[in-house]
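Containing compact mmCIF, N, CA and C atoms: query02.txt.
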```
# COMPACT_ATOMS: atom_id res chain seq x y z
N MET W 1 13.94 32.15 33.87
CA MET W 1 13.34 33.14 32.98
C MET W 1 13.66 32.80 31.52
N ARG W 2 14.91 32.45 31.28
CA ARG W 2 15.32 32.13 29.91
C ARG W 2 14.65 30.86 29.42
N LYS W 3 14.52 29.85 30.32
CA LYS W 3 13.87 28.60 29.95
C LYS W 3 12.40 28.83 29.61
N SER W 4 11.75 29.66 30.37
CA SER W 4 10.33 29.90 30.11
C SER W 4 10.13 30.63 28.79
N LYS W 5 11.06 31.52 28.42
CA LYS W 5 10.96 32.21 27.13
C LYS W 5 11.14 31.21 25.98
N LEU W 6 12.12 30.32 26.13
CA LEU W 6 12.36 29.31 25.10
C LEU W 6 11.16 28.36 24.98
N THR W 7 10.60 27.99 26.11
CA THR W 7 9.43 27.13 26.10
C THR W 7 8.25 27.81 25.43
N LEU W 8 8.06 29.09 25.72
CA LEU W 8 6.97 29.85 25.12
C LEU W 8 7.16 29.96 23.60
N ILE W 9 8.38 30.22 23.16
CA ILE W 9 8.67 30.33 21.73
C ILE W 9 8.43 28.98 21.04
N ALA W 10 8.89 27.89 21.67
CA ALA W 10 8.68 26.56 21.09
C ALA W 10 7.19 26.24 21.01
N LEU W 11 6.44 26.58 22.04
CA LEU W 11 5.00 26.33 22.05
C LEU W 11 4.31 27.13 20.96
N LEU W 12 4.71 28.38 20.77
CA LEU W 12 4.13 29.21 19.72
C LEU W 12 4.43 28.65 18.33
N LEU W 13 5.67 28.19 18.13
CA LEU W 13 6.03 27.61 16.84
C LEU W 13 5.23 26.34 16.54
N VAL W 14 5.09 25.47 17.54
CA VAL W 14 4.32 24.25 17.36
C VAL W 14 2.87 24.59 17.04
N THR W 15 2.31 25.54 17.75
CA THR W 15 0.93 25.96 17.50
C THR W 15 0.78 26.53 16.10
N PHE W 16 1.73 27.35 15.67
CA PHE W 16 1.68 27.95 14.34
C PHE W 16 1.71 26.88 13.26
N PHE W 17 2.65 25.94 13.38
CA PHE W 17 2.76 24.90 12.35
C PHE W 17 1.57 23.96 12.37
N ALA W 18 1.02 23.68 13.55
CA ALA W 18 -0.17 22.83 13.62
C ALA W 18 -1.35 23.52 12.93
N ASN W 19 -1.52 24.81 13.16
CA ASN W 19 -2.61 25.55 12.52
C ASN W 19 -2.40 25.65 11.02
N THR W 20 -1.17 25.83 10.59
CA THR W 20 -0.87 25.92 9.16
C THR W 20 -1.19 24.62 8.45
N SER W 21 -0.82 23.49 9.05
CA SER W 21 -1.10 22.20 8.40
C SER W 21 -2.59 21.91 8.36
N LEU W 22 -3.33 22.32 9.38
CA LEU W 22 -4.78 22.13 9.36
C LEU W 22 -5.44 23.04 8.34
N ALA W 23 -4.90 24.25 8.18
CA ALA W 23 -5.47 25.18 7.22
C ALA W 23 -5.24 24.72 5.78
N ASN W 24 -4.16 24.00 5.57
CA ASN W 24 -3.86 23.50 4.22
C ASN W 24 -4.74 22.32 3.84
N GLY W 25 -5.53 21.84 4.76
CA GLY W 25 -6.46 20.76 4.45
C GLY W 25 -5.82 19.39 4.42
N ASN W 26 -4.78 19.18 5.20
CA ASN W 26 -4.16 17.86 5.26
C ASN W 26 -5.06 16.92 6.03
N ASN W 27 -5.79 16.09 5.33
CA ASN W 27 -6.65 15.11 5.98
C ASN W 27 -6.52 13.79 5.26
N SER W 28 -7.28 12.81 5.70
CA SER W 28 -7.11 11.45 5.16
C SER W 28 -7.51 11.34 3.69
N SER W 29 -8.32 12.26 3.19
CA SER W 29 -8.71 12.18 1.78
C SER W 29 -7.57 12.57 0.84
N ASP W 30 -6.52 13.17 1.39
CA ASP W 30 -5.37 13.55 0.57
C ASP W 30 -4.32 12.45 0.48
N VAL W 31 -4.62 11.28 1.02
CA VAL W 31 -3.63 10.21 1.06
C VAL W 31 -3.15 9.86 -0.34
N ALA W 32 -4.04 9.81 -1.30
CA ALA W 32 -3.68 9.38 -2.65
C ALA W 32 -3.37 10.56 -3.57
N SER W 33 -2.87 11.66 -3.01
CA SER W 33 -2.51 12.79 -3.86
C SER W 33 -1.33 12.41 -4.75
N GLU W 34 -1.16 13.15 -5.80
CA GLU W 34 -0.11 12.84 -6.78
C GLU W 34 1.28 12.82 -6.14
N ARG W 35 1.53 13.78 -5.25
CA ARG W 35 2.83 13.85 -4.59
C ARG W 35 3.05 12.64 -3.68
N ASN W 36 2.02 12.24 -2.94
CA ASN W 36 2.15 11.09 -2.05
C ASN W 36 2.36 9.80 -2.84
N ILE W 37 1.68 9.67 -3.96
CA ILE W 37 1.86 8.48 -4.80
C ILE W 37 3.28 8.43 -5.34
N GLN W 38 3.81 9.58 -5.76
CA GLN W 38 5.18 9.62 -6.26
C GLN W 38 6.18 9.28 -5.15
N ASN W 39 5.94 9.79 -3.94
CA ASN W 39 6.82 9.47 -2.82
C ASN W 39 6.78 7.98 -2.49
N LEU W 40 5.60 7.39 -2.50
CA LEU W 40 5.50 5.95 -2.25
C LEU W 40 6.16 5.14 -3.36
N THR W 41 6.01 5.59 -4.60
CA THR W 41 6.66 4.91 -5.73
C THR W 41 8.18 4.95 -5.55
N ASN W 42 8.71 6.11 -5.20
CA ASN W 42 10.16 6.22 -4.97
C ASN W 42 10.60 5.32 -3.82
N GLY W 43 9.78 5.24 -2.77
CA GLY W 43 10.11 4.39 -1.64
C GLY W 43 10.09 2.91 -2.00
N ILE W 44 9.12 2.51 -2.81
CA ILE W 44 9.03 1.11 -3.24
C ILE W 44 10.25 0.72 -4.06
N GLU W 45 10.76 1.65 -4.84
CA GLU W 45 11.94 1.38 -5.67
C GLU W 45 13.26 1.55 -4.91
N SER W 46 13.20 2.04 -3.69
CA SER W 46 14.39 2.39 -2.93
C SER W 46 15.23 1.17 -2.58
N GLU W 47 16.52 1.40 -2.38
CA GLU W 47 17.42 0.36 -1.91
C GLU W 47 17.38 0.24 -0.39
N ASN W 48 16.84 1.27 0.27
CA ASN W 48 16.70 1.27 1.73
C ASN W 48 15.58 0.29 2.10
N LEU W 49 15.95 -0.81 2.72
CA LEU W 49 15.01 -1.89 2.99
C LEU W 49 13.86 -1.46 3.89
N GLY W 50 14.14 -0.68 4.93
CA GLY W 50 13.10 -0.22 5.84
C GLY W 50 12.10 0.68 5.14
N LEU W 51 12.61 1.60 4.33
CA LEU W 51 11.75 2.51 3.58
C LEU W 51 10.89 1.72 2.60
N LYS W 52 11.49 0.76 1.93
CA LYS W 52 10.76 -0.06 0.95
C LYS W 52 9.62 -0.81 1.63
N LYS W 53 9.91 -1.45 2.78
CA LYS W 53 8.88 -2.20 3.50
C LYS W 53 7.71 -1.30 3.90
N HIS W 54 8.02 -0.13 4.44
CA HIS W 54 6.96 0.76 4.91
C HIS W 54 6.12 1.31 3.75
N CYS W 55 6.76 1.63 2.66
CA CYS W 55 6.01 2.14 1.50
C CYS W 55 5.09 1.07 0.92
N ILE W 56 5.57 -0.16 0.86
CA ILE W 56 4.73 -1.26 0.38
C ILE W 56 3.56 -1.46 1.33
N TYR W 57 3.84 -1.43 2.63
CA TYR W 57 2.79 -1.60 3.63
C TYR W 57 1.73 -0.51 3.52
N PHE W 58 2.17 0.75 3.42
CA PHE W 58 1.22 1.86 3.36
C PHE W 58 0.41 1.86 2.07
N ALA W 59 1.00 1.37 0.98
CA ALA W 59 0.24 1.25 -0.27
C ALA W 59 -0.94 0.32 -0.07
N GLY W 60 -0.74 -0.76 0.66
CA GLY W 60 -1.83 -1.70 0.93
C GLY W 60 -2.78 -1.19 1.99
N LYS W 61 -2.23 -0.60 3.04
CA LYS W 61 -3.08 -0.13 4.14
C LYS W 61 -4.09 0.91 3.67
N TYR W 62 -3.63 1.84 2.83
CA TYR W 62 -4.51 2.90 2.35
C TYR W 62 -5.16 2.55 1.00
N LYS W 63 -4.94 1.31 0.54
CA LYS W 63 -5.59 0.79 -0.67
C LYS W 63 -5.43 1.73 -1.87
N ILE W 64 -4.18 2.07 -2.15
CA ILE W 64 -3.87 3.00 -3.23
C ILE W 64 -3.72 2.20 -4.52
N SER W 65 -4.80 2.12 -5.27
CA SER W 65 -4.84 1.29 -6.47
C SER W 65 -3.91 1.78 -7.57
N GLU W 66 -3.51 3.05 -7.52
CA GLU W 66 -2.59 3.58 -8.53
C GLU W 66 -1.22 2.92 -8.45
N LEU W 67 -0.91 2.27 -7.33
CA LEU W 67 0.40 1.63 -7.16
C LEU W 67 0.40 0.14 -7.49
N THR W 68 -0.71 -0.39 -7.96
CA THR W 68 -0.79 -1.82 -8.26
C THR W 68 0.26 -2.24 -9.29
N ASP W 69 0.35 -1.50 -10.38
CA ASP W 69 1.32 -1.86 -11.42
C ASP W 69 2.75 -1.79 -10.90
N LYS W 70 3.05 -0.77 -10.09
CA LYS W 70 4.39 -0.61 -9.54
C LYS W 70 4.71 -1.76 -8.59
N LEU W 71 3.72 -2.18 -7.78
CA LEU W 71 3.95 -3.30 -6.86
C LEU W 71 4.19 -4.60 -7.62
N ILE W 72 3.44 -4.83 -8.68
CA ILE W 72 3.63 -6.05 -9.48
C ILE W 72 5.01 -6.03 -10.14
N GLU W 73 5.39 -4.89 -10.67
CA GLU W 73 6.72 -4.75 -11.28
C GLU W 73 7.81 -5.02 -10.25
N GLN W 74 7.65 -4.46 -9.05
CA GLN W 74 8.64 -4.65 -7.99
C GLN W 74 8.68 -6.12 -7.57
N TYR W 75 7.52 -6.77 -7.52
CA TYR W 75 7.45 -8.18 -7.16
C TYR W 75 8.28 -9.02 -8.14
N LYS W 76 8.15 -8.73 -9.41
CA LYS W 76 8.88 -9.50 -10.43
C LYS W 76 10.39 -9.27 -10.36
N ASN W 77 10.81 -8.10 -9.90
CA ASN W 77 12.23 -7.77 -9.83
C ASN W 77 12.86 -8.06 -8.47
N GLU W 78 12.04 -8.40 -7.49
CA GLU W 78 12.50 -8.56 -6.11
C GLU W 78 13.06 -9.95 -5.87
N ASN W 79 14.13 -10.03 -5.05
CA ASN W 79 14.73 -11.31 -4.69
C ASN W 79 14.39 -11.73 -3.26
N ASP W 80 14.09 -10.76 -2.41
CA ASP W 80 13.81 -11.02 -0.99
C ASP W 80 12.39 -11.58 -0.82
N ALA W 81 12.29 -12.78 -0.25
CA ALA W 81 10.99 -13.44 -0.10
C ALA W 81 10.07 -12.67 0.84
N TYR W 82 10.63 -12.04 1.88
CA TYR W 82 9.80 -11.27 2.81
C TYR W 82 9.15 -10.08 2.11
N ILE W 83 9.92 -9.39 1.27
CA ILE W 83 9.38 -8.25 0.54
C ILE W 83 8.31 -8.73 -0.45
N LYS W 84 8.56 -9.85 -1.10
CA LYS W 84 7.56 -10.40 -2.02
C LYS W 84 6.26 -10.73 -1.30
N LYS W 85 6.37 -11.31 -0.10
CA LYS W 85 5.20 -11.65 0.69
C LYS W 85 4.44 -10.37 1.08
N LEU W 86 5.17 -9.35 1.47
CA LEU W 86 4.56 -8.07 1.83
C LEU W 86 3.85 -7.45 0.62
N ILE W 87 4.44 -7.57 -0.55
CA ILE W 87 3.81 -7.06 -1.77
C ILE W 87 2.51 -7.82 -2.05
N LEU W 88 2.53 -9.13 -1.87
CA LEU W 88 1.31 -9.92 -2.08
C LEU W 88 0.20 -9.49 -1.13
N PHE W 89 0.54 -9.28 0.13
CA PHE W 89 -0.47 -8.84 1.09
C PHE W 89 -1.00 -7.45 0.76
N SER W 90 -0.13 -6.56 0.30
CA SER W 90 -0.58 -5.22 -0.09
C SER W 90 -1.49 -5.29 -1.31
N LEU W 91 -1.12 -6.10 -2.28
CA LEU W 91 -1.98 -6.26 -3.46
C LEU W 91 -3.33 -6.85 -3.08
N TYR W 92 -3.32 -7.76 -2.11
CA TYR W 92 -4.58 -8.34 -1.67
C TYR W 92 -5.45 -7.27 -1.00
N GLU W 93 -4.85 -6.41 -0.22
CA GLU W 93 -5.61 -5.34 0.45
C GLU W 93 -6.16 -4.34 -0.56
N ILE W 94 -5.40 -4.05 -1.59
CA ILE W 94 -5.85 -3.08 -2.60
C ILE W 94 -7.02 -3.64 -3.40
N LYS W 95 -6.95 -4.90 -3.78
CA LYS W 95 -8.01 -5.56 -4.54
C LYS W 95 -8.47 -4.73 -5.74
N SER W 96 -7.54 -4.51 -6.65
CA SER W 96 -7.87 -3.75 -7.85
C SER W 96 -8.80 -4.57 -8.74
N ASP W 97 -9.25 -3.97 -9.84
CA ASP W 97 -10.18 -4.65 -10.74
C ASP W 97 -9.59 -5.93 -11.33
N ASN W 98 -8.30 -5.92 -11.59
CA ASN W 98 -7.64 -7.08 -12.19
C ASN W 98 -6.88 -7.91 -11.17
N ALA W 99 -7.24 -7.80 -9.90
CA ALA W 99 -6.47 -8.46 -8.84
C ALA W 99 -6.41 -9.97 -9.02
N ALA W 100 -7.55 -10.61 -9.34
CA ALA W 100 -7.55 -12.07 -9.49
C ALA W 100 -6.61 -12.49 -10.61
N LYS W 101 -6.67 -11.78 -11.72
CA LYS W 101 -5.79 -12.10 -12.86
C LYS W 101 -4.32 -11.90 -12.47
N ASP W 102 -4.04 -10.80 -11.74
CA ASP W 102 -2.67 -10.52 -11.31
C ASP W 102 -2.14 -11.62 -10.39
N PHE W 103 -2.96 -12.05 -9.43
CA PHE W 103 -2.53 -13.12 -8.52
C PHE W 103 -2.32 -14.42 -9.28
N PHE W 104 -3.15 -14.69 -10.27
CA PHE W 104 -3.00 -15.90 -11.07
C PHE W 104 -1.65 -15.88 -11.80
N GLN W 105 -1.34 -14.75 -12.43
CA GLN W 105 -0.06 -14.61 -13.15
C GLN W 105 1.13 -14.74 -12.21
N LEU W 106 1.03 -14.12 -11.02
CA LEU W 106 2.12 -14.20 -10.06
C LEU W 106 2.28 -15.63 -9.54
N ALA W 107 1.19 -16.33 -9.32
CA ALA W 107 1.26 -17.70 -8.84
C ALA W 107 1.90 -18.62 -9.87
N ILE W 108 1.58 -18.42 -11.14
CA ILE W 108 2.15 -19.25 -12.20
C ILE W 108 3.66 -19.03 -12.32
N SER W 109 4.08 -17.77 -12.23
CA SER W 109 5.49 -17.46 -12.46
C SER W 109 6.38 -17.65 -11.24
N GLU W 110 5.82 -17.89 -10.07
CA GLU W 110 6.61 -17.98 -8.84
C GLU W 110 7.21 -19.37 -8.66
N ASN W 111 8.48 -19.41 -8.22
CA ASN W 111 9.16 -20.68 -7.96
C ASN W 111 9.10 -21.06 -6.49
N ASP W 112 9.07 -20.09 -5.60
CA ASP W 112 9.01 -20.33 -4.16
C ASP W 112 7.63 -20.88 -3.80
N LYS W 113 7.62 -22.04 -3.15
CA LYS W 113 6.36 -22.72 -2.88
C LYS W 113 5.45 -21.92 -1.95
N LYS W 114 6.00 -21.30 -0.91
CA LYS W 114 5.18 -20.51 0.03
C LYS W 114 4.54 -19.32 -0.68
N LEU W 115 5.32 -18.63 -1.48
CA LEU W 115 4.78 -17.47 -2.20
C LEU W 115 3.74 -17.90 -3.23
N LYS W 116 3.99 -19.02 -3.87
CA LYS W 116 3.03 -19.56 -4.84
C LYS W 116 1.71 -19.89 -4.14
N ASN W 117 1.80 -20.46 -2.93
CA ASN W 117 0.59 -20.79 -2.17
C ASN W 117 -0.19 -19.54 -1.76
N ILE W 118 0.53 -18.49 -1.34
CA ILE W 118 -0.13 -17.25 -0.94
C ILE W 118 -0.84 -16.63 -2.14
N ALA W 119 -0.15 -16.56 -3.27
CA ALA W 119 -0.76 -15.97 -4.48
C ALA W 119 -1.94 -16.80 -4.95
N SER W 120 -1.82 -18.12 -4.88
CA SER W 120 -2.91 -19.00 -5.29
C SER W 120 -4.12 -18.85 -4.37
N ALA W 121 -3.87 -18.77 -3.07
CA ALA W 121 -4.98 -18.61 -2.11
C ALA W 121 -5.70 -17.28 -2.33
N ALA W 122 -4.93 -16.23 -2.59
CA ALA W 122 -5.55 -14.93 -2.85
C ALA W 122 -6.37 -14.99 -4.14
N TYR W 123 -5.84 -15.65 -5.15
CA TYR W 123 -6.58 -15.80 -6.41
C TYR W 123 -7.90 -16.55 -6.18
N LEU W 124 -7.83 -17.65 -5.46
CA LEU W 124 -9.03 -18.44 -5.22
C LEU W 124 -10.06 -17.67 -4.39
N GLU W 125 -9.60 -16.96 -3.38
CA GLU W 125 -10.53 -16.20 -2.54
C GLU W 125 -11.21 -15.08 -3.33
N LEU W 126 -10.44 -14.38 -4.16
CA LEU W 126 -11.04 -13.31 -4.96
C LEU W 126 -12.02 -13.86 -5.98
N ASN W 127 -11.71 -15.00 -6.58
CA ASN W 127 -12.64 -15.62 -7.52
C ASN W 127 -13.89 -16.11 -6.82
N LEU W 128 -13.74 -16.65 -5.62
CA LEU W 128 -14.89 -17.12 -4.86
C LEU W 128 -15.79 -15.94 -4.50
N ALA W 129 -15.19 -14.83 -4.09
CA ALA W 129 -15.99 -13.64 -3.74
C ALA W 129 -16.76 -13.14 -4.96
N ASP W 130 -16.12 -13.15 -6.13
CA ASP W 130 -16.81 -12.74 -7.36
C ASP W 130 -17.94 -13.69 -7.70
N SER W 131 -17.72 -14.99 -7.50
CA SER W 131 -18.75 -15.99 -7.79
C SER W 131 -19.95 -15.82 -6.87
N VAL W 132 -19.70 -15.54 -5.59
CA VAL W 132 -20.79 -15.34 -4.64
C VAL W 132 -21.60 -14.11 -5.01
N LYS W 133 -20.93 -13.03 -5.39
CA LYS W 133 -21.64 -11.82 -5.81
C LYS W 133 -22.49 -12.10 -7.05
N TYR W 134 -21.93 -12.82 -8.00
CA TYR W 134 -22.65 -13.14 -9.22
C TYR W 134 -23.87 -14.03 -8.91
N TYR W 135 -23.67 -15.03 -8.07
CA TYR W 135 -24.77 -15.94 -7.72
C TYR W 135 -25.87 -15.20 -6.97
N SER W 136 -25.49 -14.30 -6.06
CA SER W 136 -26.51 -13.58 -5.30
C SER W 136 -27.33 -12.66 -6.21
N LYS W 137 -26.73 -12.15 -7.28
CA LYS W 137 -27.49 -11.34 -8.24
C LYS W 137 -28.48 -12.22 -9.02
N LEU W 138 -28.07 -13.44 -9.33
CA LEU W 138 -28.93 -14.34 -10.09
C LEU W 138 -30.15 -14.80 -9.28
N THR W 139 -29.96 -14.97 -7.99
CA THR W 139 -31.04 -15.51 -7.17
C THR W 139 -32.02 -14.46 -6.67
N LYS W 140 -31.77 -13.21 -6.94
CA LYS W 140 -32.69 -12.14 -6.47
C LYS W 140 -33.90 -12.04 -7.33
```

As structure tokens, how would this structure be written, given the file I've shared?
Amino acid sequence: MRKSKLTLIALLLVTFFANTSLANGNNSSDVASERNIQNLTNGIESENLGLKKHCIYFAGKYKISELTDKLIEQYKNENDAYIKKLILFSLYEIKSDNAAKDFFQLAISENDKKLKNIASAAYLELNLADSVKYYSKLTK
């Protein structure tokens, strides 16, 4: 009897909180809200390696262009090659307006050969995509 009461109370609480979060309009369009961007920024700057990795990953996955400058700044201050590689992949996914220029600058300033190759490849691919778009407009 006591277990069933506790189960019922837990079920009611879960239902209440699920309905409350749906009523607040938490959906995928709120991903880039000001609070979420600030939380991701704090995570990117964090000393907690797991938190930092996930925040960098989510910035790229959800293509949050507001974090481009923060990711570039973190890339320049970062010593861990894995984190730098993750930042490059996130920047590539975001593809901001200045992405090609950013990758060019990162490739020039990088000493690690693998990271330089990744940044250079991203730069070349973005420039090629822009060239194809430009050429297709000319031929129409």

* **Residues within 6.5 Å of segment 58-75 of chain W, all atoms listed in the file, excluding chain neighbours under 2 positions, as a ChimeraX atom specification** => /W:32,53-56,77-78,84,87,89-91,93-94,96

* From a DSSP calculation on the backbone, collect every residue of segment 24-137 of chain W in alpha helix (DSSP H) and output the set as a PyMOL selection string. => chain W and resi 34-45+49-61+68-77+81-94+99-109+113-137

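Reported to one decimal place, the separation of atom CA of Ile83 of chain W from atom CA of Leu51 of chain W is 11.4 Å.
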
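Here atom C of Asn79 of chain W is placed at a distance of 10.2 Å from atom N of Asp112 of chain W.
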
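Compared by their closest atoms to Asn127 of chain W, and using only C-alpha atoms, the residues W:Leu49, W:Ala99, W:Leu88, W:Ile108 rank with W:Ala99 nearest.
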
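Between atom CA of Glu34 of chain W and atom C of Asp80 of chain W there is a distance of 28.1 Å.
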
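Of the residues listed (W:Ala100, W:Lys140, W:Ser46, W:Ser109), W:Ala100 shows the shortest atom-to-atom separation from Leu124 of chain W; distances use only C-alpha atoms.
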